[in-house]
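Below is coords.txt, holding compact mmCIF, C-alpha atoms (C1' of nucleotides).
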```txt
# COMPACT_ATOMS: atom_id res chain seq x y z
CA MET G 1 -214.55 -96.21 -110.43
CA SER G 2 -211.36 -97.29 -112.12
CA LEU G 3 -211.30 -97.75 -115.89
CA SER G 4 -208.39 -99.34 -117.72
CA ILE G 5 -207.95 -99.33 -121.48
CA ALA G 6 -205.27 -101.37 -123.25
CA THR G 7 -203.98 -101.15 -126.81
CA TRP G 8 -201.95 -103.84 -128.59
CA ASN G 9 -200.96 -104.45 -132.18
CA ILE G 10 -201.28 -108.23 -132.03
CA ASN G 11 -200.09 -109.09 -135.58
CA SER G 12 -202.70 -111.83 -136.10
CA VAL G 13 -205.27 -112.41 -133.36
CA ARG G 14 -205.88 -116.02 -134.42
CA LEU G 15 -202.23 -116.98 -134.23
CA ARG G 16 -201.78 -115.28 -130.85
CA ILE G 17 -205.13 -115.79 -129.15
CA GLN G 18 -203.46 -117.69 -126.29
CA GLN G 19 -201.13 -114.76 -125.69
CA VAL G 20 -204.11 -112.41 -125.62
CA GLU G 21 -205.82 -114.69 -123.10
CA LYS G 22 -202.71 -114.74 -120.93
CA PHE G 23 -202.45 -110.97 -121.11
CA LEU G 24 -206.12 -110.45 -120.19
CA ASN G 25 -205.92 -112.92 -117.30
CA GLU G 26 -202.83 -111.24 -115.96
CA TYR G 27 -203.63 -107.56 -116.47
CA GLN G 28 -207.45 -107.50 -116.58
CA PRO G 29 -207.99 -104.28 -118.53
CA ASP G 30 -211.67 -103.32 -118.87
CA VAL G 31 -211.28 -102.65 -122.56
CA LEU G 32 -208.74 -103.99 -125.06
CA CYS G 33 -208.09 -102.42 -128.47
CA LEU G 34 -206.35 -104.68 -130.96
CA GLN G 35 -204.76 -103.80 -134.28
CA GLU G 36 -203.65 -105.99 -137.17
CA ILE G 37 -206.09 -108.75 -136.28
CA LYS G 38 -205.54 -110.06 -139.85
CA CYS G 39 -208.85 -111.88 -140.12
CA GLN G 40 -212.38 -111.45 -141.32
CA ASN G 41 -215.17 -110.67 -138.84
CA ASP G 42 -216.50 -114.24 -138.87
CA GLN G 43 -213.00 -115.60 -138.14
CA PHE G 44 -212.57 -113.45 -135.03
CA PRO G 45 -212.13 -115.67 -131.92
CA ALA G 46 -215.16 -114.24 -130.12
CA LYS G 47 -215.76 -117.27 -127.88
CA ALA G 48 -212.33 -117.03 -126.28
CA PHE G 49 -213.09 -113.45 -125.24
CA ASN G 50 -216.60 -114.31 -123.99
CA LYS G 51 -215.12 -116.99 -121.75
CA LEU G 52 -212.89 -114.44 -120.06
CA GLY G 53 -215.76 -112.04 -119.42
CA TYR G 54 -215.13 -109.80 -122.41
CA GLU G 55 -218.58 -110.17 -123.91
CA PHE G 56 -218.79 -107.00 -125.93
CA HIS G 57 -216.98 -106.93 -129.24
CA ALA G 58 -216.62 -104.36 -131.98
CA VAL G 59 -214.76 -105.94 -134.86
CA LYS G 60 -213.75 -104.43 -138.19
CA GLY G 61 -211.80 -107.09 -140.00
CA GLN G 62 -210.89 -108.04 -143.53
CA LYS G 63 -209.10 -110.89 -145.22
CA GLY G 64 -205.40 -111.26 -144.52
CA TYR G 65 -204.35 -107.73 -143.66
CA HIS G 66 -204.92 -104.94 -141.18
CA GLY G 67 -208.16 -105.04 -139.16
CA VAL G 68 -209.01 -103.66 -135.73
CA ALA G 69 -211.15 -104.85 -132.82
CA THR G 70 -212.25 -103.38 -129.51
CA ILE G 71 -213.38 -105.89 -126.88
CA SER G 72 -214.80 -104.98 -123.51
CA LYS G 73 -216.25 -106.05 -120.19
CA ILE G 74 -218.43 -102.92 -120.35
CA PRO G 75 -221.36 -102.71 -122.81
CA LEU G 76 -220.41 -100.96 -126.04
CA VAL G 77 -222.84 -98.86 -128.05
CA ASP G 78 -222.76 -96.77 -131.24
CA ILE G 79 -220.20 -99.04 -132.89
CA SER G 80 -218.99 -97.50 -136.13
CA SER G 81 -216.04 -97.51 -138.49
CA THR G 82 -214.87 -94.59 -140.60
CA ASN G 83 -213.60 -95.56 -144.04
CA TYR G 84 -210.49 -93.36 -144.12
CA CYS G 85 -209.20 -92.50 -147.61
CA ASN G 86 -212.13 -94.51 -148.98
CA MET G 87 -209.88 -97.56 -149.17
CA GLY G 88 -212.10 -100.08 -147.40
CA ASP G 89 -209.11 -101.38 -145.48
CA SER G 90 -210.39 -101.71 -141.89
CA ARG G 91 -208.17 -99.30 -140.00
CA HIS G 92 -210.62 -97.70 -137.57
CA ILE G 93 -213.38 -98.66 -135.19
CA SER G 94 -215.16 -96.42 -132.72
CA VAL G 95 -217.28 -97.37 -129.72
CA ARG G 96 -219.08 -95.52 -126.93
CA PHE G 97 -219.56 -96.61 -123.34
CA LYS G 98 -220.34 -95.21 -119.91
CA ALA G 99 -217.80 -95.32 -117.10
CA GLY G 100 -218.11 -93.65 -113.72
CA GLY G 101 -220.78 -91.24 -114.93
CA LYS G 102 -218.73 -90.17 -117.95
CA ASP G 103 -219.59 -90.78 -121.58
CA ILE G 104 -216.55 -92.03 -123.41
CA GLN G 105 -216.00 -92.45 -127.11
CA LEU G 106 -213.04 -94.66 -127.91
CA HIS G 107 -211.31 -94.58 -131.31
CA ASN G 108 -209.11 -97.52 -132.22
CA PHE G 109 -206.72 -96.84 -135.13
CA TYR G 110 -204.27 -98.68 -137.32
CA VAL G 111 -202.61 -95.94 -139.35
CA PRO G 112 -200.93 -97.03 -142.63
CA ALA G 113 -197.26 -97.86 -142.20
CA GLY G 114 -196.30 -95.82 -145.27
CA GLY G 115 -193.84 -98.07 -147.08
CA ASP G 116 -190.09 -97.52 -147.35
CA GLU G 117 -189.51 -94.23 -149.11
CA PRO G 118 -190.78 -90.97 -147.57
CA ASP G 119 -191.64 -89.48 -150.95
CA THR G 120 -195.28 -89.08 -152.00
CA ASP G 121 -194.39 -88.96 -155.71
CA LYS G 122 -192.42 -92.21 -155.73
CA ASN G 123 -194.29 -94.07 -153.02
CA PRO G 124 -198.12 -94.23 -153.05
CA LYS G 125 -198.11 -95.87 -149.60
CA PHE G 126 -196.51 -92.78 -148.11
CA ALA G 127 -199.10 -90.59 -149.86
CA HIS G 128 -201.83 -92.80 -148.39
CA LYS G 129 -200.36 -92.37 -144.92
CA LEU G 130 -200.28 -88.57 -145.21
CA ASN G 131 -203.82 -88.46 -146.63
CA PHE G 132 -205.00 -90.66 -143.78
CA LEU G 133 -203.42 -88.28 -141.24
CA GLU G 134 -205.01 -85.30 -142.99
CA GLU G 135 -208.45 -86.88 -142.52
CA MET G 136 -207.72 -87.56 -138.84
CA ARG G 137 -207.57 -83.80 -138.24
CA ALA G 138 -211.37 -83.83 -137.94
CA LEU G 139 -211.15 -85.64 -134.59
CA ARG G 140 -211.78 -83.74 -131.34
CA ALA G 141 -210.77 -84.74 -127.82
CA LEU G 142 -213.83 -83.23 -126.19
CA ASP G 143 -217.22 -82.56 -127.74
CA GLU G 144 -220.33 -81.68 -125.75
CA LYS G 145 -220.15 -83.95 -122.71
CA THR G 146 -218.28 -86.78 -124.38
CA HIS G 147 -214.66 -87.47 -123.48
CA ASN G 148 -212.78 -88.99 -126.36
CA VAL G 149 -209.96 -91.47 -126.17
CA LEU G 150 -207.84 -92.28 -129.22
CA VAL G 151 -205.58 -95.32 -129.17
CA GLY G 152 -203.71 -97.53 -131.53
CA ASP G 153 -200.77 -98.14 -133.76
CA LEU G 154 -200.29 -94.73 -135.33
CA ASN G 155 -197.05 -95.85 -137.00
CA ILE G 156 -195.37 -92.56 -136.04
CA ALA G 157 -192.81 -92.02 -133.30
CA PRO G 158 -193.20 -88.27 -132.64
CA HIS G 159 -190.56 -87.39 -130.04
CA GLU G 160 -186.78 -87.68 -130.18
CA ASN G 161 -186.90 -90.20 -127.36
CA ASP G 162 -189.58 -92.25 -129.12
CA VAL G 163 -186.82 -93.71 -131.33
CA TRP G 164 -183.43 -95.27 -130.59
CA SER G 165 -181.62 -92.62 -132.65
CA HIS G 166 -183.33 -89.38 -133.59
CA LYS G 167 -180.59 -88.39 -136.03
CA GLN G 168 -180.44 -91.74 -137.76
CA LEU G 169 -184.20 -92.01 -138.20
CA LEU G 170 -185.01 -88.52 -139.48
CA LYS G 171 -185.30 -89.87 -143.03
CA ILE G 172 -186.87 -93.17 -142.05
CA VAL G 173 -190.62 -93.55 -142.44
CA SER G 174 -192.28 -93.26 -138.98
CA HIS G 175 -189.99 -90.46 -137.77
CA THR G 176 -189.71 -88.00 -140.69
CA PRO G 177 -190.61 -84.35 -139.93
CA VAL G 178 -193.52 -84.40 -142.41
CA GLU G 179 -195.09 -87.25 -140.41
CA THR G 180 -194.34 -85.95 -136.93
CA ASP G 181 -195.61 -82.49 -137.97
CA ALA G 182 -198.81 -84.00 -139.33
CA LEU G 183 -199.32 -85.91 -136.08
CA ALA G 184 -198.64 -82.77 -134.03
CA LYS G 185 -201.30 -80.96 -136.05
CA ILE G 186 -203.92 -83.62 -135.33
CA PHE G 187 -202.91 -83.55 -131.67
CA ASP G 188 -202.96 -79.75 -131.26
CA GLU G 189 -206.07 -79.00 -133.30
CA GLY G 190 -208.01 -81.79 -131.60
CA GLY G 191 -207.07 -80.62 -128.11
CA TRP G 192 -205.62 -83.99 -127.15
CA THR G 193 -203.33 -84.98 -124.30
CA ASP G 194 -200.76 -87.77 -124.59
CA LEU G 195 -201.71 -90.22 -121.83
CA ILE G 196 -198.51 -92.20 -122.29
CA ARG G 197 -196.14 -89.25 -122.06
CA ASN G 198 -198.33 -87.80 -119.29
CA LYS G 199 -196.82 -90.50 -117.07
CA ILE G 200 -193.49 -91.19 -118.74
CA SER G 201 -191.48 -88.02 -119.41
CA THR G 202 -190.29 -87.27 -122.95
CA ASP G 203 -186.81 -87.06 -121.37
CA GLU G 204 -186.94 -90.83 -121.13
CA LYS G 205 -186.52 -93.24 -124.05
CA LEU G 206 -189.67 -95.25 -124.59
CA PHE G 207 -190.41 -97.88 -127.25
CA THR G 208 -193.43 -100.09 -127.94
CA TRP G 209 -192.15 -101.83 -131.08
CA TRP G 210 -188.95 -103.71 -131.91
CA SER G 211 -188.24 -105.22 -135.33
CA TYR G 212 -188.35 -108.99 -135.77
CA ARG G 213 -185.10 -108.64 -137.71
CA SER G 214 -182.68 -108.26 -134.86
CA ARG G 215 -181.21 -111.34 -133.24
CA ASP G 216 -181.73 -109.99 -129.75
CA TRP G 217 -184.30 -107.17 -129.49
CA GLN G 218 -183.34 -106.34 -125.91
CA GLN G 219 -179.64 -106.19 -126.57
CA SER G 220 -179.79 -104.05 -129.70
CA ASN G 221 -182.83 -102.15 -128.32
CA ARG G 222 -183.43 -100.32 -131.58
CA GLY G 223 -187.09 -99.72 -130.94
CA ARG G 224 -189.68 -97.09 -131.66
CA ARG G 225 -192.80 -95.88 -129.84
CA LEU G 226 -195.42 -96.33 -132.52
CA ASP G 227 -198.37 -96.99 -130.21
CA HIS G 228 -200.37 -94.21 -128.61
CA ILE G 229 -203.07 -93.43 -126.07
CA TRP G 230 -204.54 -89.94 -126.28
CA GLY G 231 -207.39 -88.42 -124.30
CA SER G 232 -209.15 -85.20 -123.48
CA PRO G 233 -207.37 -83.02 -120.88
CA GLY G 234 -210.13 -83.89 -118.38
CA LEU G 235 -209.08 -87.53 -118.58
CA ALA G 236 -205.40 -86.68 -118.17
CA ALA G 237 -206.31 -85.01 -114.90
CA VAL G 238 -207.76 -88.25 -113.52
CA GLN G 239 -205.19 -90.66 -114.95
CA SER G 240 -203.84 -92.90 -112.20
CA ASP G 241 -201.53 -95.24 -114.05
CA LEU G 242 -199.79 -96.18 -117.30
CA GLN G 243 -198.26 -99.61 -117.88
CA VAL G 244 -195.93 -100.52 -120.72
CA VAL G 245 -195.99 -104.32 -120.76
CA ARG G 246 -192.60 -105.31 -122.14
CA GLU G 247 -192.75 -108.92 -120.97
CA THR G 248 -194.92 -110.00 -123.91
CA ARG G 249 -192.05 -109.29 -126.34
CA ASN G 250 -190.21 -112.23 -124.73
CA TRP G 251 -193.10 -114.65 -125.01
CA GLU G 252 -192.88 -117.47 -127.54
CA LYS G 253 -193.59 -116.19 -131.09
CA PRO G 254 -194.40 -112.68 -129.91
CA SER G 255 -195.99 -109.76 -131.68
CA ASP G 256 -193.42 -107.14 -132.64
CA HIS G 257 -195.51 -104.61 -130.65
CA ILE G 258 -196.16 -104.66 -126.90
CA PRO G 259 -199.36 -103.68 -125.04
CA VAL G 260 -199.84 -100.39 -123.22
CA ILE G 261 -202.49 -99.91 -120.52
CA CYS G 262 -203.92 -96.61 -119.29
CA THR G 263 -205.89 -96.43 -116.04
CA LEU G 264 -208.30 -93.62 -115.19
CA ASP G 265 -210.10 -92.84 -111.92
CA LEU G 266 -213.56 -91.76 -112.98
C1' DA V 1 -180.85 -98.32 -140.57
C1' DT V 2 -180.14 -102.53 -139.15
C1' DG V 3 -180.03 -107.31 -140.32
C1' DA V 4 -181.76 -110.80 -142.86
C1' DC V 5 -187.83 -112.08 -139.42
C1' DG V 6 -192.56 -113.41 -139.72
C1' DG V 7 -197.65 -112.94 -140.97
C1' DA V 8 -201.54 -114.52 -144.54
C1' DT V 9 -202.53 -116.63 -148.64
C1' DC V 10 -206.70 -121.31 -153.16
C1' DT V 11 -199.10 -124.51 -149.39
C1' DA V 12 -195.47 -121.84 -152.89
C1' DA V 13 -193.80 -118.06 -153.52
C1' DT V 14 -195.30 -113.59 -152.99
C1' DC V 15 -196.87 -109.56 -150.87
C1' DC V 16 -196.71 -106.94 -146.76
C1' DG V 17 -195.00 -104.95 -142.40
C1' DA V 18 -191.89 -100.42 -140.41
```
Written as structure tokens, how would this file's structure read?
Amino acid sequence: MSLSIATWNINSVRLRIQQVEKFLNEYQPDVLCLQEIKCQNDQFPAKAFNKLGYEFHAVKGQKGYHGVATISKIPLVDISSTNYCNMGDSRHISVRFKAGGKDIQLHNFYVPAGGDEPDTDKNPKFAHKLNFLEEMRALRALDEKTHNVLVGDLNIAPHENDVWSHKQLLKIVSHTPVETDALAKIFDEGGWTDLIRNKISTDEKLFTWWSYRSRDWQQSNRGRRLDHIWGSPGLAAVQSDLQVVRETRNWEKPSDHIPVICTLDL
DNA sequence: ATGACGGATCTAATCCGA
């Protein structure tokens, strides 16, 4: 069977529920992982998802900020959220499901942005980000028979071609060596494979986020690839497709992030 | 680094994003 998993930092699910509906109707992923839902659990637009056949929801929200949700056509079990850095700020939700005879655990992350200054002494937000990444080192791509998938807005652009200018962003939070090294550590120690760069070579520029602050995001094209889909090597071997859905960035009142969809033949 | 947006919040001005 074919399994498709999408990730999208929606920047308010209530404000953009119609865009999510349009995206689901058009692309029909089996599972959708949202970040920055910016609502409490009881404010989550569950009915809209039910109507479209996405009847299984794992929501970890909070008032106003952050928040993640994984919604699915496939039954979800063992829903849990890890309270990274003991901050109670709704940045992770994990679900399990069966697909094509495989057990899959899917982690949905919204890693702290880290503020402006890449200095842990002056900027507590940057310290929080690094502590968060340190705790993520416990994750493993494959344990026992379970294949893990890790998606979300990791707020780090690891490769030179994940940013519009490697040189100009080396001291900018999201592309500093301390962050990209920390991410590489999580990636290597966990035995992960990059299911986005598995299909789109690191020789090619690739962005999933463009600032709201430019007049014309396409013309200036100063983007970054902050969104990620990782999996166990066994999943990389059966990956059939990877879609980067740029069209949503041109929709009316768009999110500053675009969706990415990974398809596996299980 | 650029350019000066856009979200949520006890609706006005403030915090936050990256």
(Q) Would you mind listing, as a PyMOL selection string, all residues of chain V that have at least one atom within 8 Å of chain G, where all atoms listed in the file are what counts? (A) chain V and resi 1-9+17-18
Q.
With only C-alpha atoms (C1' of nucleotides) as the counted atoms, please give the residues lying no more than 8 Å from Trp8 (chain G), apart from itself and same-chain residues fewer than 2 positions off, as number ranges by chain.
A. G: 6, 10, 32-35, 152-153, 227, 257-260
Residues from the last selection, C-alpha atoms, saved as a PDB file, keeping the file's coordinate frame:
```pdb
ATOM      1  CA  ALA G   6    -205.270-101.370-123.250  1.00  0.00           C
ATOM      2  CA  ILE G  10    -201.280-108.230-132.030  1.00  0.00           C
ATOM      3  CA  LEU G  32    -208.740-103.990-125.060  1.00  0.00           C
ATOM      4  CA  CYS G  33    -208.090-102.420-128.470  1.00  0.00           C
ATOM      5  CA  LEU G  34    -206.350-104.680-130.960  1.00  0.00           C
ATOM      6  CA  GLN G  35    -204.760-103.800-134.280  1.00  0.00           C
ATOM      7  CA  GLY G 152    -203.710 -97.530-131.530  1.00  0.00           C
ATOM      8  CA  ASP G 153    -200.770 -98.140-133.760  1.00  0.00           C
ATOM      9  CA  ASP G 227    -198.370 -96.990-130.210  1.00  0.00           C
ATOM     10  CA  HIS G 257    -195.510-104.610-130.650  1.00  0.00           C
ATOM     11  CA  ILE G 258    -196.160-104.660-126.900  1.00  0.00           C
ATOM     12  CA  PRO G 259    -199.360-103.680-125.040  1.00  0.00           C
ATOM     13  CA  VAL G 260    -199.840-100.390-123.220  1.00  0.00           C
TER      14      VAL G 260
END
```
**Q.** Selected residue of minimal separation from Thr120 (chain G) among G:Cys85, G:Val178, G:Leu235, G:Leu154, counting all atoms listed in the file
**A.** G:Val178
Q. Interatomic distance between CA of Ser240 (chain G) and CA of Arg96 (chain G)?
A. 21.4 Å
